[in-house]
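Data file: my_file_37.cif. Format and content: mmCIF, C-alpha atoms and all ligand atoms.
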data_my_file
loop_
_atom_site.label_atom_id
_atom_site.label_comp_id
_atom_site.auth_asym_id
_atom_site.auth_seq_id
_atom_site.Cartn_x
_atom_site.Cartn_y
_atom_site.Cartn_z
CA MET A 1 30.91 48.96 -36.55
CA LEU A 2 29.30 46.32 -38.73
CA LYS A 3 30.71 43.68 -36.44
CA ILE A 4 28.99 45.23 -33.44
CA PHE A 5 25.67 45.34 -35.29
CA ARG A 6 26.07 41.76 -36.28
CA LYS A 7 26.77 40.77 -32.67
CA LEU A 8 23.78 42.75 -31.49
CA PHE A 9 21.58 41.11 -34.11
CA VAL A 10 22.68 37.66 -33.03
CA LEU A 11 22.01 38.57 -29.43
CA ILE A 12 18.50 39.85 -30.19
CA CYS A 13 17.74 36.77 -32.22
CA PHE A 14 18.97 34.60 -29.38
CA CYS A 15 16.74 36.43 -26.94
CA ILE A 16 13.63 35.98 -29.07
CA PHE A 17 14.51 32.37 -29.65
CA SER A 18 15.05 31.81 -25.92
CA VAL A 19 11.73 33.30 -25.00
CA GLN A 20 10.04 30.96 -27.46
CA VAL A 21 11.92 27.95 -26.22
CA PHE A 22 11.31 28.57 -22.55
CA ALA A 23 7.68 29.62 -22.79
CA ALA A 24 5.37 26.98 -21.36
CA PRO A 25 3.66 24.67 -23.85
CA VAL A 26 0.10 25.44 -24.84
CA VAL A 27 -2.42 22.67 -25.46
CA GLU A 28 -4.20 24.08 -28.46
CA LYS A 29 -6.59 21.30 -29.34
CA ILE A 30 -8.14 18.35 -27.55
CA ARG A 31 -9.84 15.53 -29.39
CA VAL A 32 -11.63 12.51 -28.00
CA GLY A 33 -12.45 9.60 -30.28
CA GLN A 34 -13.88 6.15 -29.89
CA ASN A 35 -12.50 3.03 -31.53
CA GLY A 36 -14.48 -0.02 -30.47
CA ALA A 37 -14.29 -0.18 -26.70
CA ALA A 38 -11.21 2.02 -26.51
CA THR A 39 -11.28 5.77 -26.08
CA ARG A 40 -8.48 7.93 -27.46
CA VAL A 41 -7.70 11.36 -26.07
CA VAL A 42 -5.30 13.51 -28.06
CA LEU A 43 -3.71 16.66 -26.69
CA GLU A 44 -2.18 18.76 -29.44
CA SER A 45 0.36 21.34 -28.40
CA ASN A 46 2.85 23.84 -29.79
CA GLN A 47 5.74 22.09 -28.01
CA PRO A 48 6.43 18.59 -26.73
CA ILE A 49 4.76 18.07 -23.36
CA LYS A 50 6.49 16.54 -20.39
CA SER A 51 4.21 14.38 -18.31
CA ASN A 52 3.76 11.37 -16.15
CA PHE A 53 0.60 9.52 -15.38
CA PHE A 54 -1.10 7.00 -13.17
CA VAL A 55 -4.52 5.48 -12.70
CA LEU A 56 -6.45 5.32 -9.47
CA PRO A 57 -9.30 3.10 -8.39
CA SER A 58 -12.49 3.89 -6.45
CA PRO A 59 -13.54 5.95 -8.23
CA ASP A 60 -11.58 5.03 -11.35
CA ARG A 61 -9.49 7.89 -12.65
CA PHE A 62 -6.63 8.51 -15.02
CA VAL A 63 -4.33 11.22 -13.74
CA MET A 64 -1.66 13.02 -15.72
CA ASP A 65 0.76 15.56 -14.33
CA PHE A 66 2.47 18.15 -16.48
CA GLY A 67 4.97 20.83 -15.70
CA THR A 68 3.87 24.37 -16.37
CA LEU A 69 1.46 24.36 -19.28
CA SER A 70 -1.74 26.01 -20.33
CA PHE A 71 -4.91 24.83 -22.03
CA LYS A 72 -6.35 26.99 -24.77
CA THR A 73 -9.69 25.21 -24.68
CA SER A 74 -11.73 24.22 -21.66
CA LEU A 75 -11.75 20.51 -20.93
CA SER A 76 -15.37 20.54 -19.85
CA GLY A 77 -16.39 21.63 -23.34
CA VAL A 78 -14.75 18.66 -25.09
CA LYS A 79 -17.24 16.29 -26.67
CA ILE A 80 -17.07 12.75 -25.29
CA PRO A 81 -18.40 9.86 -27.42
CA GLU A 82 -21.49 8.21 -26.00
CA LYS A 83 -20.15 4.75 -25.18
CA SER A 84 -16.82 5.99 -23.89
CA ILE A 85 -15.28 4.76 -20.66
CA LEU A 86 -14.40 8.41 -20.19
CA LYS A 87 -16.92 10.28 -18.07
CA GLY A 88 -15.42 13.72 -17.72
CA MET A 89 -12.21 15.73 -17.86
CA ARG A 90 -10.79 18.44 -15.66
CA GLN A 91 -7.49 20.14 -15.09
CA GLY A 92 -5.99 22.60 -12.70
CA LEU A 93 -2.97 23.67 -10.74
CA PHE A 94 -1.98 20.81 -8.46
CA LYS A 95 0.93 22.60 -6.84
CA PRO A 96 3.36 25.28 -7.99
CA GLY A 97 4.84 24.16 -11.30
CA VAL A 98 2.52 21.19 -11.72
CA ILE A 99 -0.68 21.19 -13.76
CA ARG A 100 -2.77 18.10 -13.23
CA MET A 101 -5.33 16.65 -15.60
CA VAL A 102 -7.85 14.17 -14.26
CA LEU A 103 -9.96 11.98 -16.50
CA ASP A 104 -12.95 10.54 -14.65
CA LEU A 105 -13.74 7.03 -15.80
CA ASN A 106 -16.68 4.64 -15.77
CA GLY A 107 -14.43 1.70 -14.91
CA PRO A 108 -10.83 0.47 -14.73
CA VAL A 109 -8.63 1.03 -17.77
CA GLU A 110 -5.35 -0.16 -19.20
CA PRO A 111 -3.84 3.12 -20.41
CA THR A 112 -1.30 3.52 -23.18
CA VAL A 113 0.35 6.89 -23.65
CA PHE A 114 2.64 7.91 -26.47
CA ALA A 115 3.88 11.09 -28.10
CA ILE A 116 3.95 11.99 -31.77
CA PRO A 117 6.21 14.79 -33.05
CA ALA A 118 4.79 17.68 -35.03
CA ASN A 119 4.42 17.26 -38.77
CA GLY A 120 2.66 19.23 -41.46
CA GLU A 121 -0.54 20.74 -40.18
CA PHE A 122 -0.35 18.85 -36.87
CA GLY A 123 1.42 20.07 -33.76
CA PHE A 124 3.03 17.87 -31.12
CA ARG A 125 0.56 15.25 -29.97
CA LEU A 126 0.24 13.35 -26.75
CA VAL A 127 -2.02 10.37 -27.26
CA ILE A 128 -3.80 8.66 -24.38
CA ASP A 129 -5.52 5.39 -25.19
CA LEU A 130 -7.91 4.18 -22.54
CA LYS A 131 -8.79 0.54 -23.00
CA PRO A 132 -11.39 -0.82 -20.58
CA ARG A 133 -9.83 -3.37 -18.31
CA LYS A 134 -11.57 -6.41 -16.91
CA GLY A 135 -11.20 -7.32 -13.26
CA LYS A 136 -10.49 -5.37 -10.16
CA SER A 137 -9.42 -1.74 -10.16
CA VAL A 138 -5.77 -1.30 -9.30
CA SER A 139 -3.40 1.60 -9.46
CA ILE A 140 -0.89 1.68 -12.28
CA LYS A 141 1.83 4.28 -12.48
CA ARG A 142 4.02 5.06 -15.45
CA LYS A 143 6.00 7.72 -17.09
CA THR A 144 5.00 8.86 -20.51
CA PRO A 145 7.52 7.33 -22.91
CA SER A 146 9.60 8.73 -25.79
CA LEU A 147 9.30 12.50 -26.15
CA ALA A 148 8.22 13.01 -22.62
CA THR A 149 10.36 12.92 -19.55
CA ALA A 150 9.53 14.36 -16.22
CA ARG A 151 10.17 13.92 -12.58
CA THR A 152 7.87 11.37 -11.07
CA ILE A 153 5.88 13.04 -8.40
CA GLN A 154 6.08 10.93 -5.29
CA PRO A 155 4.19 11.54 -2.11
CA LYS A 156 6.55 12.75 0.57
CA VAL A 157 7.18 9.82 2.86
CA LYS A 158 9.98 9.50 5.39
CA PRO A 159 13.25 10.86 4.08
CA LYS A 160 15.25 8.27 6.00
CA PRO A 161 18.95 7.59 5.58
CA LYS A 162 19.60 4.35 3.73
CA GLU A 163 21.42 2.55 6.48
CA ALA A 164 18.96 3.48 9.21
CA PRO A 165 17.57 0.54 11.17
CA VAL A 166 14.17 -0.84 10.25
CA VAL A 167 11.63 0.58 12.67
CA VAL A 168 9.02 -1.87 13.90
CA VAL A 169 6.07 -0.79 16.04
CA ILE A 170 4.28 -3.56 17.92
CA ASP A 171 0.83 -2.64 19.14
CA PRO A 172 -0.55 -4.63 22.08
CA GLY A 173 -4.32 -4.28 21.65
CA HIS A 174 -6.59 -2.68 24.24
CA GLY A 175 -5.31 -1.73 27.74
CA GLY A 176 -6.42 0.19 30.81
CA VAL A 177 -10.18 0.78 30.88
CA ASP A 178 -10.52 -1.30 27.73
CA PRO A 179 -9.80 -4.90 28.71
CA GLY A 180 -10.53 -6.37 25.28
CA ALA A 181 -11.80 -9.93 25.54
CA VAL A 182 -12.36 -11.35 28.99
CA ALA A 183 -12.73 -15.13 29.00
CA ASN A 184 -11.44 -18.24 30.67
CA LYS A 185 -10.32 -16.15 33.64
CA ALA A 186 -7.98 -14.10 31.50
CA TYR A 187 -7.81 -10.61 30.02
CA GLU A 188 -6.85 -10.06 26.42
CA LYS A 189 -5.07 -6.80 27.30
CA HIS A 190 -2.62 -8.59 29.63
CA ILE A 191 -1.93 -11.50 27.29
CA VAL A 192 -1.28 -9.37 24.22
CA LEU A 193 1.05 -7.09 26.21
CA LYS A 194 3.12 -10.10 27.25
CA ILE A 195 3.24 -11.49 23.71
CA SER A 196 4.22 -8.03 22.39
CA LYS A 197 7.07 -7.77 24.90
CA TYR A 198 8.36 -11.17 23.80
CA ILE A 199 8.17 -10.06 20.16
CA LYS A 200 10.19 -6.98 21.06
CA ALA A 201 12.77 -9.11 22.88
CA ASN A 202 13.08 -11.38 19.86
CA LEU A 203 13.43 -8.61 17.31
CA SER A 204 15.78 -6.55 19.47
CA LYS A 205 18.41 -9.27 19.05
CA ASN A 206 18.72 -8.01 15.50
CA LYS A 207 20.85 -4.85 15.52
CA ASN A 208 19.24 -3.63 12.29
CA ILE A 209 15.80 -3.47 13.86
CA LYS A 210 14.51 -0.86 16.27
CA VAL A 211 11.36 -1.89 18.11
CA TYR A 212 8.77 0.24 19.91
CA LEU A 213 5.57 -0.76 21.67
CA THR A 214 2.51 1.50 21.54
CA ARG A 215 2.05 0.75 25.24
CA GLU A 216 4.48 -0.77 27.73
CA LYS A 217 1.97 -1.12 30.55
CA ASP A 218 -1.71 -1.57 31.31
CA ILE A 219 -2.89 1.77 30.02
CA PHE A 220 -5.56 2.90 27.59
CA VAL A 221 -4.29 4.20 24.24
CA PRO A 222 -6.84 5.51 21.70
CA LEU A 223 -6.67 3.77 18.32
CA ALA A 224 -5.76 6.96 16.46
CA ASP A 225 -2.86 7.55 18.87
CA ARG A 226 -1.47 4.13 18.05
CA VAL A 227 -1.52 4.95 14.35
CA ASN A 228 0.01 8.38 14.97
CA PHE A 229 2.68 6.88 17.20
CA ALA A 230 3.81 4.60 14.37
CA GLN A 231 3.90 7.50 11.93
CA ARG A 232 5.81 9.69 14.36
CA LYS A 233 8.40 6.95 14.83
CA GLN A 234 8.63 6.68 11.03
CA ALA A 235 7.79 3.03 11.36
CA ASP A 236 8.42 0.68 8.48
CA ILE A 237 6.23 -1.99 9.99
CA PHE A 238 3.23 -1.91 12.32
CA VAL A 239 1.84 -5.09 13.85
CA SER A 240 -1.15 -5.05 16.18
CA ILE A 241 -1.60 -8.04 18.50
CA HIS A 242 -4.98 -9.30 19.68
CA ALA A 243 -6.66 -12.35 21.18
CA ASP A 244 -10.37 -11.68 20.94
CA ALA A 245 -13.34 -13.72 22.07
CA HIS A 246 -16.41 -15.29 20.52
CA ASP A 247 -19.75 -16.06 22.15
CA ASP A 248 -19.44 -19.54 20.75
CA HIS A 249 -16.67 -21.21 22.69
CA ARG A 250 -16.08 -23.60 19.82
CA ALA A 251 -14.77 -20.77 17.62
CA LYS A 252 -11.03 -21.31 17.41
CA GLY A 253 -7.80 -20.41 15.73
CA GLY A 254 -5.76 -17.39 14.74
CA SER A 255 -6.18 -15.10 11.77
CA ILE A 256 -4.20 -12.30 10.12
CA TYR A 257 -5.71 -9.09 8.78
CA VAL A 258 -5.01 -6.13 6.60
CA LEU A 259 -7.23 -3.08 6.34
CA SER A 260 -10.13 -3.04 3.96
CA GLU A 261 -13.52 -1.45 3.87
CA LYS A 262 -14.98 -4.82 2.97
CA SER A 263 -14.52 -7.77 5.28
CA SER A 264 -13.41 -11.21 4.13
CA ASP A 265 -16.19 -12.86 6.11
CA ARG A 266 -18.69 -12.12 8.85
CA GLU A 267 -16.31 -13.18 11.57
CA ALA A 268 -13.66 -10.75 10.24
CA ALA A 269 -16.19 -7.93 10.40
CA ARG A 270 -17.23 -8.92 13.91
CA LEU A 271 -13.62 -9.08 15.15
CA ALA A 272 -12.87 -5.65 13.67
CA LYS A 273 -15.93 -4.25 15.40
CA ALA A 274 -14.76 -5.75 18.69
CA ALA A 275 -11.25 -4.36 18.28
CA ASN A 276 -12.58 -0.94 17.28
CA LYS A 277 -14.86 -0.84 20.30
CA GLY A 278 -11.94 0.13 22.52
CA ASP A 279 -12.33 3.84 21.87
CA ILE A 280 -16.04 3.72 22.58
CA MET A 281 -15.42 1.75 25.76
CA ALA A 282 -12.99 4.41 26.89
CA GLY A 283 -15.35 7.24 25.96
CA VAL A 284 -13.17 8.87 23.34
CA ASP A 285 -14.75 11.93 21.73
CA PHE A 286 -14.86 11.46 17.97
CA SER A 287 -16.23 14.93 17.22
CA ALA A 288 -12.76 16.39 16.81
CA GLU A 289 -11.67 13.76 14.28
CA ALA A 290 -10.74 15.38 11.00
CA PRO A 291 -12.70 14.24 7.96
CA ALA A 292 -10.83 11.85 5.70
CA VAL A 293 -8.64 13.70 3.27
CA ARG A 294 -9.58 12.67 -0.23
CA ASN A 295 -6.35 13.60 -1.86
CA ILE A 296 -5.04 11.84 -4.93
CA LEU A 297 -1.57 11.48 -3.47
CA VAL A 298 -2.99 10.05 -0.29
CA ASP A 299 -4.86 7.50 -2.40
CA LEU A 300 -1.68 6.57 -4.17
CA THR A 301 0.34 6.18 -0.98
CA ARG A 302 -2.49 4.21 0.53
CA ARG A 303 -2.33 1.79 -2.39
CA GLN A 304 1.40 1.31 -2.05
CA THR A 305 1.09 0.83 1.70
CA LYS A 306 -1.67 -1.67 1.15
CA ASN A 307 0.47 -3.84 -1.08
CA LYS A 308 3.27 -3.85 1.48
CA SER A 309 0.79 -4.62 4.25
CA SER A 310 -0.37 -7.71 2.38
CA LEU A 311 3.22 -8.94 1.98
CA LEU A 312 3.88 -8.31 5.67
CA ALA A 313 0.70 -10.13 6.68
CA ARG A 314 1.58 -13.06 4.44
CA SER A 315 5.05 -13.38 6.01
CA VAL A 316 3.60 -13.40 9.53
CA LEU A 317 0.87 -15.85 8.52
CA ASP A 318 3.39 -18.30 7.06
CA GLU A 319 5.38 -18.34 10.29
CA LEU A 320 2.32 -18.64 12.54
CA ASP A 321 0.98 -21.55 10.53
CA GLY A 322 1.58 -24.63 12.62
CA VAL A 323 2.45 -22.64 15.75
CA VAL A 324 -1.19 -21.82 16.34
CA ARG A 325 -4.09 -23.42 14.50
CA LEU A 326 -5.39 -20.94 11.96
CA ARG A 327 -9.01 -20.03 11.39
CA ARG A 328 -8.24 -19.45 7.73
CA LYS A 329 -4.92 -19.97 5.96
CA GLU A 330 -5.00 -16.72 4.03
CA VAL A 331 -4.62 -13.04 4.74
CA LEU A 332 -8.04 -11.66 5.61
CA PHE A 333 -9.56 -8.20 5.23
CA ALA A 334 -11.48 -6.17 7.75
CA GLY A 335 -12.03 -2.57 8.81
CA PHE A 336 -9.71 -2.46 11.80
CA LYS A 337 -9.29 1.20 12.72
CA VAL A 338 -5.79 0.65 14.06
CA LEU A 339 -4.61 -0.37 10.57
CA LYS A 340 -5.66 2.93 9.03
CA SER A 341 -2.19 4.36 8.45
CA HIS A 342 -1.62 5.68 4.95
CA VAL A 343 2.13 5.37 5.15
CA VAL A 344 3.03 2.50 7.47
CA PRO A 345 2.53 -1.07 6.24
CA SER A 346 0.27 -2.53 8.90
CA THR A 347 -1.18 -5.88 9.86
CA LEU A 348 -3.25 -7.19 12.74
CA VAL A 349 -2.76 -10.60 14.28
CA GLU A 350 -5.65 -12.28 16.04
CA THR A 351 -3.42 -14.79 17.78
CA SER A 352 -6.44 -17.01 18.56
CA TYR A 353 -9.62 -17.02 20.66
CA LEU A 354 -9.37 -16.38 24.35
CA SER A 355 -12.93 -17.74 24.56
CA ASN A 356 -11.91 -21.17 23.30
CA PRO A 357 -10.64 -23.37 26.18
CA ARG A 358 -7.87 -24.97 24.13
CA ASP A 359 -6.73 -21.69 22.54
CA ALA A 360 -6.87 -20.00 25.95
CA ARG A 361 -4.55 -22.60 27.47
CA VAL A 362 -1.89 -21.73 24.90
CA LEU A 363 -2.50 -17.98 25.19
CA LYS A 364 -2.25 -18.01 28.98
CA SER A 365 0.92 -20.09 29.17
CA THR A 366 4.32 -18.44 29.04
CA SER A 367 5.54 -21.09 26.60
CA GLY A 368 2.54 -20.47 24.32
CA GLN A 369 3.07 -16.71 24.42
CA LYS A 370 6.76 -17.13 23.61
CA LYS A 371 6.03 -19.48 20.71
CA ILE A 372 3.51 -17.08 19.21
CA ALA A 373 5.89 -14.15 19.72
CA ALA A 374 8.77 -16.00 18.09
CA ALA A 375 6.63 -16.80 15.05
CA VAL A 376 5.43 -13.21 14.65
CA ALA A 377 9.00 -11.91 15.03
CA GLU A 378 10.20 -14.43 12.46
CA GLY A 379 7.47 -13.34 10.06
CA ILE A 380 8.50 -9.71 10.46
CA GLU A 381 12.15 -10.57 9.81
CA ASP A 382 11.15 -12.58 6.72
CA TYR A 383 9.29 -9.55 5.39
CA ILE A 384 12.31 -7.30 5.98
CA LYS A 385 14.65 -9.78 4.31
CA ASN A 386 12.44 -10.55 1.34
CA HIS A 387 10.69 -7.28 0.67
CA MET A 388 12.72 -4.44 2.18
CA ARG A 389 16.40 -5.28 1.94
CA LYS A 390 17.28 -6.68 -1.42
ZN ZN B 401 -8.66 -7.37 20.64
#

When written as structure tokens, how does the structure in this file appear?
Amino acid sequence: MLKIFRKLFVLICFCIFSVQVFAAPVVEKIRVGQNGAATRVVLESNQPIKSNFFVLPSPDRFVMDFGTLSFKTSLSGVKIPEKSILKGMRQGLFKPGVIRMVLDLNGPVEPTVFAIPANGEFGFRLVIDLKPRKGKSVSIKRKTPSLATARTIQPKVKPKPKEAPVVVVIDPGHGGVDPGAVANKAYEKHIVLKISKYIKANLSKNKNIKVYLTREKDIFVPLADRVNFAQRKQADIFVSIHADAHDDHRAKGGSIYVLSEKSSDREAARLAKAANKGDIMAGVDFSAEAPAVRNILVDLTRRQTKNKSSLLARSVLDELDGVVRLRRKEVLFAGFKVLKSHVVPSTLVETSYLSNPRDARVLKSTSGQKKIAAAVAEGIEDYIKNHMRK
């Protein structure tokens, strides 16, 4: 009889213990302190907290994701020192099982996060040091070290099998009712389609690459459809091909672009405007366009895609150098709508100016088109070799 009681007692104890162990942590206290330029945020809890964090630019934010957890005090009530880089704090359910805390910042930071075990009067502490960082805002992503371990939350992008071929989408600019540049008795839309077909022929020799064109004939394709096409094909690489014009016939040379809200120079901005005009030329109705989704995960993916886009652009630029004369020997930025994919690394190649007599001669000749195509294909293969398949 005693034995049974003892067993029962152990069982009850185990149950109570289990409930305590598996209950979600509670953040009981939050402190914010200032030490010189650095701001320290301390979350004190009744159990160790699992978390991971990252910082995001424009606007600058520090983001920390927890598993299930609750806050005893409201974050909006926490006192923030006057000169702090910290502007405000908020938290909430991000998705089932994930509580997200966002710290709004006055500028970029170099965060340090560490955990301290409970001792004496103090509970478990998660310490976030936010040191102002000089220079441009960039995204940094890290797991909280030591006590904390958690799954890194990754945006869901293409669950592709490892050995699947690399998917490349080549986008011949313009088409149909939108001729693009018309100069020196030639149409941009025809020239870029030919170059794109040669690029496809070149890349298709490689069995590990699958190539699609956004248009195979002289047809109008809205810019958004080109982006969607690449996403639907689960493209790894998107390269848009153009040969725009300038009022000044002396303007010459090719240039390579990645997406940015700011343009590298006035000519970059002008070229983007010209390339974006296609939709307006074709009378596309913009009223149905969904507003931009300002989601933190989208921001993060966008950042990652942007880095890859720059590497892709650089590879293409290096191969084109010497094949065509370049307007500028660096990757340029401009607001090309067709580069607005959040998930597909994208670059736009202005092969050179159709309005320049010497450039036009190359662009109109089959040999010139083939040379340009070979260089672009080579650049794409370099990117795959150096940055995708290690
Ligand atoms: Zn164009």

Within 10 Å of region 311-330 of chain A, which residues of region 150-247 of chain A come that close, and what is the closest atom pair and distance in Å for each? Count all atoms listed in the file and give it as JSON lines.
{"residue": "A:Ile237", "atom": "CA", "partner": "A:Leu312", "partner_atom": "CA", "distance": 8.0}
{"residue": "A:Phe238", "atom": "CA", "partner": "A:Leu312", "partner_atom": "CA", "distance": 9.3}
{"residue": "A:Val239", "atom": "CA", "partner": "A:Ala313", "partner_atom": "CA", "distance": 8.8}

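For the residues A:Glu261, A:Glu188, A:Asp248, A:Glu378, ranking by smallest atom-to-atom distance to ligand ZN 401 (chain B) using all atoms listed in the file places A:Glu188 first.
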
Once you count only C-alpha atoms, which residues end up no further than 12 Å from (-14.6, -9.8, 13.7) in the file's frame, shown as a PyMOL selection string?
-> chain A and resi 242-247+251+254-257+262-277+327+332-336+348-350+352-353

Based on the selection just made, write C-alpha atoms of those residues as a short mmCIF file (atom, residue, chain, number, x, y, z; two decimals), in the coordinates of the input.
data_model
loop_
_atom_site.label_atom_id
_atom_site.label_comp_id
_atom_site.auth_asym_id
_atom_site.auth_seq_id
_atom_site.Cartn_x
_atom_site.Cartn_y
_atom_site.Cartn_z
CA HIS A 242 -4.98 -9.30 19.68
CA ALA A 243 -6.66 -12.35 21.18
CA ASP A 244 -10.37 -11.68 20.94
CA ALA A 245 -13.34 -13.72 22.07
CA HIS A 246 -16.41 -15.29 20.52
CA ASP A 247 -19.75 -16.06 22.15
CA ALA A 251 -14.77 -20.77 17.62
CA GLY A 254 -5.76 -17.39 14.74
CA SER A 255 -6.18 -15.10 11.77
CA ILE A 256 -4.20 -12.30 10.12
CA TYR A 257 -5.71 -9.09 8.78
CA LYS A 262 -14.98 -4.82 2.97
CA SER A 263 -14.52 -7.77 5.28
CA SER A 264 -13.41 -11.21 4.13
CA ASP A 265 -16.19 -12.86 6.11
CA ARG A 266 -18.69 -12.12 8.85
CA GLU A 267 -16.31 -13.18 11.57
CA ALA A 268 -13.66 -10.75 10.24
CA ALA A 269 -16.19 -7.93 10.40
CA ARG A 270 -17.23 -8.92 13.91
CA LEU A 271 -13.62 -9.08 15.15
CA ALA A 272 -12.87 -5.65 13.67
CA LYS A 273 -15.93 -4.25 15.40
CA ALA A 274 -14.76 -5.75 18.69
CA ALA A 275 -11.25 -4.36 18.28
CA ASN A 276 -12.58 -0.94 17.28
CA LYS A 277 -14.86 -0.84 20.30
CA ARG A 327 -9.01 -20.03 11.39
CA LEU A 332 -8.04 -11.66 5.61
CA PHE A 333 -9.56 -8.20 5.23
CA ALA A 334 -11.48 -6.17 7.75
CA GLY A 335 -12.03 -2.57 8.81
CA PHE A 336 -9.71 -2.46 11.80
CA LEU A 348 -3.25 -7.19 12.74
CA VAL A 349 -2.76 -10.60 14.28
CA GLU A 350 -5.65 -12.28 16.04
CA SER A 352 -6.44 -17.01 18.56
CA TYR A 353 -9.62 -17.02 20.66
#

Size and centre in Å, one decimal, axis-aligned box, all listed region 172-176 of chain A atoms plus 6 Å per side, as AutoDock Vina command-line options:
--center_x -3.6 --center_y -2.2 --center_z 26.2 --size_x 18.0 --size_y 16.8 --size_z 21.2

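When all atoms listed in the file are used to compute distances to ligand ZN 401 (chain B), the closest of the residues A:Lys385, A:His174, A:Lys210, A:Arg31 turns out to be A:His174.
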
Will you model N, CA and C atoms for region 69-86 of chain A and pass it back as an mmCIF file, keeping the file's coordinate frame?
data_model
loop_
_atom_site.group_PDB
_atom_site.id
_atom_site.type_symbol
_atom_site.label_atom_id
_atom_site.label_comp_id
_atom_site.auth_asym_id
_atom_site.auth_seq_id
_atom_site.Cartn_x
_atom_site.Cartn_y
_atom_site.Cartn_z
ATOM 1 N N LEU A 69 2.099 24.532 -17.974
ATOM 2 C CA LEU A 69 1.460 24.360 -19.280
ATOM 3 C C LEU A 69 0.099 25.032 -19.221
ATOM 4 N N SER A 70 -0.402 25.426 -20.382
ATOM 5 C CA SER A 70 -1.740 26.010 -20.330
ATOM 6 C C SER A 70 -2.636 25.360 -21.375
ATOM 7 N N PHE A 71 -3.918 25.384 -21.116
ATOM 8 C CA PHE A 71 -4.910 24.830 -22.030
ATOM 9 C C PHE A 71 -5.630 25.998 -22.721
ATOM 10 N N LYS A 72 -5.678 25.932 -24.028
ATOM 11 C CA LYS A 72 -6.350 26.990 -24.770
ATOM 12 C C LYS A 72 -7.864 26.783 -24.724
ATOM 13 N N THR A 73 -8.258 25.502 -24.719
ATOM 14 C CA THR A 73 -9.690 25.210 -24.680
ATOM 15 C C THR A 73 -10.047 24.588 -23.331
ATOM 16 N N SER A 74 -11.288 24.764 -22.952
ATOM 17 C CA SER A 74 -11.730 24.220 -21.660
ATOM 18 C C SER A 74 -12.008 22.726 -21.811
ATOM 19 N N LEU A 75 -11.583 21.955 -20.841
ATOM 20 C CA LEU A 75 -11.750 20.510 -20.930
ATOM 21 C C LEU A 75 -13.211 20.104 -20.797
ATOM 22 N N SER A 76 -13.960 20.913 -20.076
ATOM 23 C CA SER A 76 -15.370 20.540 -19.850
ATOM 24 C C SER A 76 -16.185 20.664 -21.140
ATOM 25 N N GLY A 77 -15.654 21.445 -22.096
ATOM 26 C CA GLY A 77 -16.390 21.630 -23.340
ATOM 27 C C GLY A 77 -16.102 20.556 -24.379
ATOM 28 N N VAL A 78 -15.129 19.674 -24.094
ATOM 29 C CA VAL A 78 -14.750 18.660 -25.090
ATOM 30 C C VAL A 78 -15.844 17.606 -25.204
ATOM 31 N N LYS A 79 -16.175 17.273 -26.435
ATOM 32 C CA LYS A 79 -17.240 16.290 -26.670
ATOM 33 C C LYS A 79 -16.725 14.877 -26.401
ATOM 34 N N ILE A 80 -17.455 14.127 -25.607
ATOM 35 C CA ILE A 80 -17.070 12.750 -25.290
ATOM 36 C C ILE A 80 -18.039 11.798 -25.974
ATOM 37 N N PRO A 81 -17.516 10.813 -26.743
ATOM 38 C CA PRO A 81 -18.400 9.860 -27.420
ATOM 39 C C PRO A 81 -19.313 9.135 -26.413
ATOM 40 N N GLU A 82 -20.462 8.742 -26.887
ATOM 41 C CA GLU A 82 -21.490 8.210 -26.000
ATOM 42 C C GLU A 82 -21.067 6.989 -25.198
ATOM 43 N N LYS A 83 -20.441 6.009 -25.877
ATOM 44 C CA LYS A 83 -20.150 4.750 -25.180
ATOM 45 C C LYS A 83 -18.756 4.752 -24.540
ATOM 46 N N SER A 84 -18.192 5.903 -24.398
ATOM 47 C CA SER A 84 -16.820 5.990 -23.890
ATOM 48 C C SER A 84 -16.714 5.598 -22.418
ATOM 49 N N ILE A 85 -15.557 5.052 -22.075
ATOM 50 C CA ILE A 85 -15.280 4.760 -20.660
ATOM 51 C C ILE A 85 -14.965 6.069 -19.936
ATOM 52 N N LEU A 86 -14.704 7.085 -20.738
ATOM 53 C CA LEU A 86 -14.400 8.410 -20.190
ATOM 54 C C LEU A 86 -15.705 9.106 -19.799
#
